[in-house]
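Okay, structure first, notes after.
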Amino acid sequence: MSSPSPELKLSAYANRLPGSPVREILSVSQQPGMISFAGGLPDASVMPEMPELGDLSSIKQYGTSDGEALVKQELVKWLGSEGLACTEDQIMITSGSQQGLDLAARILVDVGTQVVVEDPTYLAMLQVLRGLGADLVPFDLGENGVDLASLEQQLKDKNPRMVYLIPTFQNPTGYSYTEAERIAVAELLDRYDVTLIEDDPYRVLNYDNAFTRPICSYLKKATWMYMGSFSKMLWPGLRTGYVIAHPDLYPWILRAKQATDLHSNRLGQKIIGDFMAAGSLPAHIERLQNHYRVKRDLMQKLLKQYLPESVKWKLPAGGMFFWLELETDTRDVLSKGIEAKVVPLPGTPFEVEKSAGKALRLSFSQMTPEDMEEGLKRLAKVLETL
Ligand code: PMP
């Protein structure tokens, strides 16, 4: 995206807001014959049917900013079973978890506010934080998992107001924090009294029984907001997610929601509430896990079969992505890949500071087995030419 022209007299926010490089890559992915590993889309073939809705007259009217009671009741039960005890008055339904991230950032971040982030991290949150003028303070999410020493150093030196983490099947690396890492991070956040934004859209895509108890459930002193999503669990097109907030922060994020869009769409919430109240969730989640686990395992097998030994990755225990680390620069991989009709996603837009420019994110969620194999054969050939 080109930068806004100075004659337009836009706000400082608009002038800071970066475009999304991935949107442009996704349009190339649509070309005929192209095999794309770039998008992070769930597989439509395992999205459940919509429930029968019956009489919809009750949702024609404006609703409340915090969301529909039925979804909130069901979330309290489900999240309780996932290790996050909360009450209905801590829940706010949002237009996708992306809106939760934006609102959370808006009530915490001023120009120059120090915000600690994993490096690499989710690029649309980088877009939100850069738009607000945050000072990004990265810590390593490297080969050996969470670099606790580098996190503690940043908390000590920079005195940040907020830490943004994706501890479960992270986008883009696929990394999931161990139990010990979750406890250690919570202790650090309590000690330095920093607000945690915990982003958790992939939790149900758990293929190996990974430990996933939310970090915020361990906090004793620090405040927090937890972002959940129905996008990967049910239907992304409904654009419905939720925030669970520490009681001190809840009134503020609710106020930000009121000022933004009054409330989230009631039809989407009705569909989700009815689906959950019918008891359909556990079997559906098991089906999702079985479906995506097969794809993840095939991807692992084919990567070993076709890619050069110098390419390194870790098997993700959940989520939708493999993060490949190469010995060479990935700058040319995209253009050469497009010529060879395969689209990998270069890791650079996810990298905050260390920007090694040597990683690729490959999504396996939507791939047919045939495309996966042909796509990796093509990618292997492209890597040989670098
Ligand atoms: N957080 C992360 C880490 C994501 O990868 C995504 C999108 N896939 C989101 C938040 C936003 O999800 P949604 O708005 O669809 O709930």
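Identifiers in the structure tokens: chain A, B, ... in order shown; residue index from 1 per chain; ligand index from 1 in order shown.
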Exercise. Using only C-alpha atoms and all ligand atoms, what are the residues with an atom within 9 Å of ligand 1, set out as a ChimeraX atom specification?
Worked result: /A:40-42,94-101,121-125,165-166,169-172,199-202,227-232,235-242
For this session: Might you pull out every residue within 10 Å of stretch 292-294 of chain A, with only C-alpha atoms counted and same-chain residues fewer than 4 positions away left off, and present them as a list in words?
Result: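 Listing them by chain and then by number gives Pro42, Asp43, Val46, Leu205, Asn206, Tyr207, Asp208, Arg287, Leu288, Leu298, Met299, Gln300, Ala317, Gly318, Gly319, Met320, Phe364, Ser365, Gln366 and Pro369 of chain A.
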Seminar exercise, completed: Of A:Ala104, A:Pro349, A:Asp248, A:Lys377, the one nearest to A:Arg23 when counting only C-alpha atoms is A:Pro349
Problem set entry | Contacts of A:Ile91 at 12 Å (only C-alpha atoms; same-chain gap of 5+ positions) as a ChimeraX atom specification | /A:65-76,79,84-86,100,225-228,241-247,249-251,253-254
Residues from last step as file, C-alpha atoms, as a short mmCIF file (atom, residue, chain, number, x, y, z; two decimals), in the first residue's frame:
```cif
data_model
loop_
_atom_site.label_atom_id
_atom_site.label_comp_id
_atom_site.auth_asym_id
_atom_site.auth_seq_id
_atom_site.Cartn_x
_atom_site.Cartn_y
_atom_site.Cartn_z
CA SER A 65 -22.73 -3.66 24.21
CA ASP A 66 -21.49 -6.58 26.28
CA GLY A 67 -23.26 -9.16 24.09
CA GLU A 68 -25.98 -11.82 24.17
CA ALA A 69 -26.60 -13.56 27.50
CA LEU A 70 -26.76 -17.04 25.97
CA VAL A 71 -23.26 -16.86 24.43
CA LYS A 72 -21.86 -15.49 27.67
CA GLN A 73 -23.44 -18.28 29.75
CA GLU A 74 -22.08 -20.92 27.39
CA LEU A 75 -18.62 -19.32 27.39
CA VAL A 76 -18.46 -19.35 31.20
CA LEU A 79 -13.83 -21.62 29.45
CA LEU A 84 -10.13 -20.06 32.76
CA ALA A 85 -12.63 -19.45 35.55
CA CYS A 86 -14.63 -16.29 34.80
CA GLY A 100 -10.83 -7.11 20.94
CA MET A 225 -7.51 -9.19 29.01
CA TYR A 226 -7.99 -12.52 27.25
CA MET A 227 -9.05 -12.60 23.56
CA GLY A 228 -10.96 -15.59 22.21
CA GLY A 241 -14.98 -13.18 19.14
CA TYR A 242 -14.87 -12.26 22.82
CA VAL A 243 -12.84 -10.54 25.49
CA ILE A 244 -12.63 -11.77 29.09
CA ALA A 245 -11.34 -8.87 31.15
CA HIS A 246 -9.98 -8.42 34.66
CA PRO A 247 -12.75 -6.57 36.60
CA LEU A 249 -10.28 -3.17 33.03
CA TYR A 250 -13.74 -4.38 32.00
CA PRO A 251 -15.59 -1.01 32.25
CA ILE A 253 -12.98 -1.88 27.24
CA LEU A 254 -16.79 -1.85 27.33
#
```
For this session: Point out the residue among A:Pro120, A:Pro167, A:Gly131, A:Pro138 with the least atom-to-atom distance to A:Ala359, counting only C-alpha atoms.
Result: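 Closest candidate: A:Pro120.
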Problem set entry | Best match for closeness to A:Pro316 among A:Ser45, A:Asn15, A:Ser363, A:Gln114, counting only C-alpha atoms | A:Ser363
Problem set entry | Backbone DSSP call of alpha helix (DSSP H) for stretch 40-203 of chain A, listed as a PyMOL selection string | chain A and resi 69-81+96-108+123-131+148-158+179-192
